[in-house]
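Student: If it helps, the file is called input03.txt and holds compact mmCIF, N, CA and C atoms:
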# COMPACT_ATOMS: atom_id res chain seq x y z
N MET H 632 11.32 -14.08 -43.51
CA MET H 632 10.29 -13.59 -42.63
C MET H 632 10.36 -14.33 -41.29
N SER H 633 10.26 -13.60 -40.24
CA SER H 633 10.33 -14.25 -38.92
C SER H 633 8.95 -14.75 -38.53
N SER H 634 8.94 -15.58 -37.51
CA SER H 634 7.67 -16.16 -37.06
C SER H 634 6.75 -15.11 -36.44
N ILE H 635 7.31 -14.04 -35.91
CA ILE H 635 6.48 -12.97 -35.33
C ILE H 635 5.71 -12.26 -36.43
N GLU H 636 6.37 -12.01 -37.57
CA GLU H 636 5.69 -11.36 -38.68
C GLU H 636 4.61 -12.27 -39.26
N GLN H 637 4.89 -13.56 -39.30
CA GLN H 637 3.89 -14.51 -39.82
C GLN H 637 2.67 -14.56 -38.91
N GLN H 638 2.89 -14.54 -37.60
CA GLN H 638 1.76 -14.55 -36.67
C GLN H 638 0.95 -13.27 -36.77
N ALA H 639 1.64 -12.15 -37.03
CA ALA H 639 0.94 -10.88 -37.15
C ALA H 639 0.06 -10.85 -38.40
N LYS H 640 0.49 -11.55 -39.45
CA LYS H 640 -0.29 -11.55 -40.69
C LYS H 640 -1.47 -12.51 -40.62
N GLY H 641 -1.52 -13.44 -39.71
CA GLY H 641 -2.72 -14.26 -39.59
C GLY H 641 -2.46 -15.71 -39.30
N ASN H 642 -1.62 -16.37 -40.06
CA ASN H 642 -1.39 -17.78 -39.78
C ASN H 642 0.06 -18.14 -40.07
N LYS H 643 0.38 -19.40 -39.97
CA LYS H 643 1.78 -19.83 -40.02
C LYS H 643 2.38 -19.72 -41.43
N GLN H 644 1.56 -19.78 -42.47
CA GLN H 644 2.10 -19.70 -43.83
C GLN H 644 2.38 -18.26 -44.24
N GLY H 645 1.99 -17.29 -43.44
CA GLY H 645 2.25 -15.90 -43.75
C GLY H 645 1.17 -15.27 -44.62
N GLU H 646 0.02 -15.96 -44.81
CA GLU H 646 -1.07 -15.39 -45.59
C GLU H 646 -1.82 -14.36 -44.77
N VAL H 647 -2.32 -13.36 -45.43
CA VAL H 647 -3.12 -12.36 -44.76
C VAL H 647 -4.55 -12.88 -44.75
N ARG H 648 -5.12 -13.02 -43.56
CA ARG H 648 -6.42 -13.66 -43.41
C ARG H 648 -7.55 -12.89 -44.08
N TYR H 649 -7.53 -11.58 -43.96
CA TYR H 649 -8.68 -10.82 -44.45
C TYR H 649 -8.70 -10.70 -45.97
N LEU H 650 -7.66 -11.13 -46.66
CA LEU H 650 -7.66 -11.10 -48.12
C LEU H 650 -8.12 -12.43 -48.73
N THR H 651 -8.21 -13.45 -47.93
CA THR H 651 -8.67 -14.74 -48.46
C THR H 651 -10.18 -14.67 -48.69
N PRO H 652 -10.69 -15.33 -49.72
CA PRO H 652 -12.13 -15.26 -50.01
C PRO H 652 -12.94 -15.94 -48.90
N LEU H 653 -14.06 -15.35 -48.58
CA LEU H 653 -14.93 -15.87 -47.55
C LEU H 653 -15.95 -16.83 -48.15
N ASP H 654 -16.26 -17.88 -47.45
CA ASP H 654 -17.27 -18.84 -47.90
C ASP H 654 -18.62 -18.44 -47.31
N ILE H 655 -19.23 -17.44 -47.90
CA ILE H 655 -20.51 -16.96 -47.43
C ILE H 655 -21.56 -17.36 -48.45
N GLU H 656 -22.62 -17.97 -47.98
CA GLU H 656 -23.72 -18.36 -48.86
C GLU H 656 -24.53 -17.12 -49.19
N THR H 657 -24.49 -16.68 -50.46
CA THR H 657 -25.19 -15.46 -50.85
C THR H 657 -26.57 -15.75 -51.43
N LYS H 658 -26.80 -16.95 -51.90
CA LYS H 658 -28.10 -17.30 -52.49
C LYS H 658 -29.05 -17.69 -51.37
N LYS H 659 -30.08 -16.88 -51.18
CA LYS H 659 -31.08 -17.15 -50.15
C LYS H 659 -32.35 -17.65 -50.81
N GLU H 660 -33.12 -18.40 -50.04
CA GLU H 660 -34.41 -18.87 -50.53
C GLU H 660 -35.38 -17.69 -50.57
N ALA H 661 -36.16 -17.61 -51.63
CA ALA H 661 -37.09 -16.50 -51.78
C ALA H 661 -38.18 -16.55 -50.72
N LYS H 662 -38.47 -15.40 -50.11
CA LYS H 662 -39.50 -15.33 -49.09
C LYS H 662 -40.84 -15.10 -49.75
N TYR H 663 -41.87 -15.62 -49.16
CA TYR H 663 -43.21 -15.42 -49.68
C TYR H 663 -44.18 -15.42 -48.51
N CYS H 664 -45.32 -14.81 -48.73
CA CYS H 664 -46.36 -14.78 -47.70
C CYS H 664 -47.18 -16.06 -47.83
N ARG H 665 -47.10 -16.91 -46.83
CA ARG H 665 -47.81 -18.19 -46.89
C ARG H 665 -49.32 -18.01 -46.88
N PHE H 666 -49.79 -16.90 -46.35
CA PHE H 666 -51.23 -16.66 -46.27
C PHE H 666 -51.78 -16.23 -47.63
N LYS H 667 -51.03 -15.41 -48.35
CA LYS H 667 -51.45 -15.03 -49.70
C LYS H 667 -51.37 -16.22 -50.65
N LYS H 668 -50.31 -17.00 -50.51
CA LYS H 668 -50.10 -18.13 -51.41
C LYS H 668 -51.19 -19.18 -51.25
N ASN H 669 -51.63 -19.43 -50.02
CA ASN H 669 -52.66 -20.43 -49.77
C ASN H 669 -54.07 -19.84 -49.71
N ASP H 670 -54.20 -18.55 -50.04
CA ASP H 670 -55.48 -17.85 -50.08
C ASP H 670 -56.24 -17.94 -48.75
N ILE H 671 -55.51 -17.67 -47.65
CA ILE H 671 -56.11 -17.67 -46.31
C ILE H 671 -56.59 -16.26 -46.01
N LYS H 672 -57.84 -16.14 -45.62
CA LYS H 672 -58.42 -14.82 -45.34
C LYS H 672 -58.44 -14.52 -43.84
N TYR H 673 -58.60 -15.54 -43.01
CA TYR H 673 -58.79 -15.35 -41.58
C TYR H 673 -57.80 -16.22 -40.82
N ILE H 674 -57.12 -15.64 -39.84
CA ILE H 674 -56.19 -16.38 -39.00
C ILE H 674 -56.90 -16.65 -37.68
N ASP H 675 -57.12 -17.92 -37.39
CA ASP H 675 -57.90 -18.31 -36.22
C ASP H 675 -57.03 -18.28 -34.96
N TYR H 676 -57.45 -17.49 -33.99
CA TYR H 676 -56.69 -17.39 -32.74
C TYR H 676 -56.86 -18.64 -31.87
N LYS H 677 -57.85 -19.48 -32.18
CA LYS H 677 -58.08 -20.69 -31.39
C LYS H 677 -57.20 -21.85 -31.83
N ASP H 678 -56.52 -21.69 -32.96
CA ASP H 678 -55.61 -22.72 -33.48
C ASP H 678 -54.21 -22.46 -32.96
N ALA H 679 -53.96 -22.82 -31.71
CA ALA H 679 -52.68 -22.53 -31.07
C ALA H 679 -51.54 -23.33 -31.68
N ALA H 680 -51.81 -24.52 -32.19
CA ALA H 680 -50.76 -25.34 -32.79
C ALA H 680 -50.17 -24.65 -34.02
N PHE H 681 -51.02 -24.03 -34.82
CA PHE H 681 -50.54 -23.30 -35.99
C PHE H 681 -49.79 -22.03 -35.59
N LEU H 682 -50.30 -21.34 -34.60
CA LEU H 682 -49.67 -20.08 -34.17
C LEU H 682 -48.31 -20.31 -33.52
N LEU H 683 -48.06 -21.51 -33.03
CA LEU H 683 -46.75 -21.80 -32.44
C LEU H 683 -45.64 -21.78 -33.48
N TYR H 684 -46.00 -21.97 -34.77
CA TYR H 684 -44.99 -21.89 -35.83
C TYR H 684 -44.52 -20.45 -36.05
N LEU H 685 -45.30 -19.49 -35.58
CA LEU H 685 -44.99 -18.09 -35.82
C LEU H 685 -44.37 -17.40 -34.61
N VAL H 686 -44.01 -18.17 -33.58
CA VAL H 686 -43.30 -17.63 -32.42
C VAL H 686 -42.02 -18.43 -32.22
N ASN H 687 -41.03 -17.82 -31.55
CA ASN H 687 -39.78 -18.53 -31.30
C ASN H 687 -39.85 -19.31 -29.99
N GLU H 688 -38.72 -19.83 -29.55
CA GLU H 688 -38.68 -20.69 -28.37
C GLU H 688 -39.06 -19.95 -27.09
N GLN H 689 -38.81 -18.64 -27.07
CA GLN H 689 -39.13 -17.87 -25.88
C GLN H 689 -40.56 -17.35 -25.89
N GLY H 690 -41.27 -17.55 -27.00
CA GLY H 690 -42.64 -17.09 -27.10
C GLY H 690 -42.79 -15.75 -27.80
N LYS H 691 -41.71 -15.22 -28.36
CA LYS H 691 -41.78 -13.93 -29.07
C LYS H 691 -42.29 -14.14 -30.49
N ILE H 692 -43.05 -13.17 -30.97
CA ILE H 692 -43.57 -13.23 -32.32
C ILE H 692 -42.43 -13.02 -33.31
N LEU H 693 -42.31 -13.91 -34.30
CA LEU H 693 -41.25 -13.78 -35.29
C LEU H 693 -41.52 -12.60 -36.22
N PRO H 694 -40.49 -11.83 -36.57
CA PRO H 694 -40.69 -10.66 -37.43
C PRO H 694 -40.93 -11.04 -38.89
N ARG H 695 -41.43 -10.08 -39.65
CA ARG H 695 -41.74 -10.29 -41.06
C ARG H 695 -40.50 -10.64 -41.86
N ARG H 696 -39.36 -10.05 -41.51
CA ARG H 696 -38.15 -10.28 -42.29
C ARG H 696 -37.67 -11.72 -42.19
N LEU H 697 -38.09 -12.44 -41.15
CA LEU H 697 -37.72 -13.85 -41.02
C LEU H 697 -38.77 -14.77 -41.64
N THR H 698 -40.04 -14.45 -41.47
CA THR H 698 -41.09 -15.34 -41.95
C THR H 698 -41.51 -15.04 -43.38
N GLY H 699 -41.33 -13.81 -43.85
CA GLY H 699 -41.76 -13.45 -45.19
C GLY H 699 -43.23 -13.08 -45.27
N THR H 700 -43.90 -12.98 -44.14
CA THR H 700 -45.31 -12.65 -44.11
C THR H 700 -45.52 -11.19 -44.53
N SER H 701 -46.58 -10.92 -45.27
CA SER H 701 -46.87 -9.55 -45.69
C SER H 701 -47.34 -8.73 -44.49
N LEU H 702 -47.31 -7.42 -44.63
CA LEU H 702 -47.66 -6.52 -43.53
C LEU H 702 -49.09 -6.73 -43.07
N LYS H 703 -49.99 -6.89 -44.02
CA LYS H 703 -51.41 -7.09 -43.70
C LYS H 703 -51.61 -8.32 -42.83
N PHE H 704 -50.98 -9.42 -43.20
CA PHE H 704 -51.16 -10.66 -42.45
C PHE H 704 -50.31 -10.70 -41.19
N GLN H 705 -49.19 -9.97 -41.17
CA GLN H 705 -48.39 -9.93 -39.95
C GLN H 705 -49.18 -9.26 -38.82
N ARG H 706 -49.95 -8.23 -39.17
CA ARG H 706 -50.79 -7.58 -38.17
C ARG H 706 -51.86 -8.54 -37.67
N LYS H 707 -52.44 -9.32 -38.58
CA LYS H 707 -53.47 -10.28 -38.19
C LYS H 707 -52.88 -11.40 -37.33
N VAL H 708 -51.67 -11.82 -37.67
CA VAL H 708 -50.98 -12.86 -36.89
C VAL H 708 -50.71 -12.35 -35.48
N ALA H 709 -50.21 -11.12 -35.37
CA ALA H 709 -49.91 -10.56 -34.06
C ALA H 709 -51.17 -10.46 -33.21
N GLN H 710 -52.27 -10.02 -33.83
CA GLN H 710 -53.53 -9.90 -33.09
C GLN H 710 -54.03 -11.27 -32.64
N ALA H 711 -53.91 -12.28 -33.52
CA ALA H 711 -54.37 -13.63 -33.19
C ALA H 711 -53.54 -14.22 -32.05
N ILE H 712 -52.23 -13.99 -32.07
CA ILE H 712 -51.36 -14.51 -31.01
C ILE H 712 -51.69 -13.83 -29.69
N LYS H 713 -51.92 -12.53 -29.72
CA LYS H 713 -52.27 -11.81 -28.49
C LYS H 713 -53.60 -12.28 -27.92
N ARG H 714 -54.57 -12.52 -28.80
CA ARG H 714 -55.87 -13.03 -28.33
C ARG H 714 -55.74 -14.42 -27.75
N SER H 715 -54.93 -15.26 -28.40
CA SER H 715 -54.71 -16.62 -27.93
C SER H 715 -54.02 -16.63 -26.57
N ARG H 716 -53.08 -15.72 -26.37
CA ARG H 716 -52.41 -15.61 -25.07
C ARG H 716 -53.38 -15.14 -23.99
N HIS H 717 -54.24 -14.20 -24.36
CA HIS H 717 -55.19 -13.65 -23.39
C HIS H 717 -56.16 -14.73 -22.89
N LEU H 718 -56.54 -15.65 -23.77
CA LEU H 718 -57.44 -16.73 -23.39
C LEU H 718 -56.70 -17.96 -22.86
N ALA H 719 -55.39 -17.83 -22.66
CA ALA H 719 -54.53 -18.89 -22.11
C ALA H 719 -54.47 -20.11 -23.02
N LEU H 720 -54.62 -19.91 -24.32
CA LEU H 720 -54.40 -20.99 -25.27
C LEU H 720 -52.92 -21.12 -25.61
N MET H 721 -52.21 -20.01 -25.49
CA MET H 721 -50.76 -19.97 -25.71
C MET H 721 -50.11 -19.29 -24.52
N PRO H 722 -48.89 -19.66 -24.17
CA PRO H 722 -48.21 -18.99 -23.06
C PRO H 722 -47.65 -17.64 -23.50
N TYR H 723 -47.56 -16.70 -22.56
CA TYR H 723 -46.92 -15.42 -22.85
C TYR H 723 -45.41 -15.60 -23.01
N VAL H 724 -44.82 -16.35 -22.10
CA VAL H 724 -43.39 -16.66 -22.19
C VAL H 724 -43.25 -18.16 -22.12
N GLY H 725 -42.26 -18.66 -22.79
CA GLY H 725 -42.02 -20.11 -22.77
C GLY H 725 -40.57 -20.40 -22.62
N ASP H 726 -40.24 -21.29 -21.74
CA ASP H 726 -38.86 -21.72 -21.59
C ASP H 726 -38.69 -22.96 -22.44
N MET H 727 -38.05 -22.78 -23.58
CA MET H 727 -37.91 -23.85 -24.57
C MET H 727 -39.30 -24.36 -24.98
N LEU H 728 -40.06 -23.49 -25.59
CA LEU H 728 -41.44 -23.74 -25.96
C LEU H 728 -41.57 -24.86 -26.98
N LYS H 729 -40.66 -24.90 -27.94
CA LYS H 729 -40.78 -25.89 -29.02
C LYS H 729 -39.97 -27.12 -28.73
Once more with this new file: its structure as structure tokens, please.

Tutor:
Amino acid sequence: MSSIEQQAKGNKQGEVRYLTPLDIETKKEAKYCRFKKNDIKYIDYKDAAFLLYLVNEQGKILPRRLTGTSLKFQRKVAQAIKRSRHLALMPYVGDMLK
């Protein structure tokens, strides 16, 4: 085998790269709604320190698929964050907020 054929297959040993097994972590941590688990009924919009855990560095609200929050509480979280922003307790946009 020439070196051109080896380079075309992927690396110097002549192995085909896409046939080698990938080291992908398939076991994920189970998601849960922290509000249901801790029996929280009301999300306080005045608690900006807690609400900062539910937004990213730019100030965007984190989606349910990342936080594991149930639909009912995700709506309450979004409303609380919007109210907190309106009263200037939280910024609308943040440059490296955390």

Student: So which one's closest to Ala711 (chain H), H:Tyr676, H:Tyr723, H:Phe666, H:Tyr684? Using all atoms listed in the file, please.

Tutor: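 Of H:Tyr676, H:Tyr723, H:Phe666, H:Tyr684, the one nearest Ala711 (chain H), counting all atoms listed in the file, is H:Tyr676.
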
Student: Show me as number ranges by chain the residues that reach within 12 Å of (-51.3, -13.9, -34.1), counting only C-alpha atoms and using the file's own coordinates.

Tutor: H: 673-686, 690-694, 700, 703-717, 720-721

Student: Report the distance between atom N of Ser701 (chain H) and atom N of Glu660 (chain H) in Å, rounded to one decimal place.

Tutor: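 Distance between the two atoms: 16.1 Å.
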
Student: Could you pull out the residues in region 645-728 of chain H that DSSP calls helix (DSSP H, G or I) from the backbone, as a PyMOL selection string?

Tutor: chain H and resi 648-650+665-668+679-685+695-698+702-717

Student: Return the padded bounding box of region 707-712 of chain H as AutoDock Vina command-line options: axis-aligned, built from all atoms listed in the file, 5 Å added on each side, with centre and edge lengths in Å to one decimal.

Tutor:
--center_x -52.1 --center_y -11.9 --center_z -34.1 --size_x 14.5 --size_y 15.2 --size_z 18.9

Student: Could you check how far CA of Met727 (chain H) sits from CA of Ala661 (chain H), in Å to one decimal?

Tutor: 28.2 Å

Student: Do you have the atom N of Arg695 (chain H)-atom C of Lys668 (chain H) distance handy?

Tutor: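 Going from atom N of Arg695 (chain H) over to atom C of Lys668 (chain H) covers 17.7 Å.
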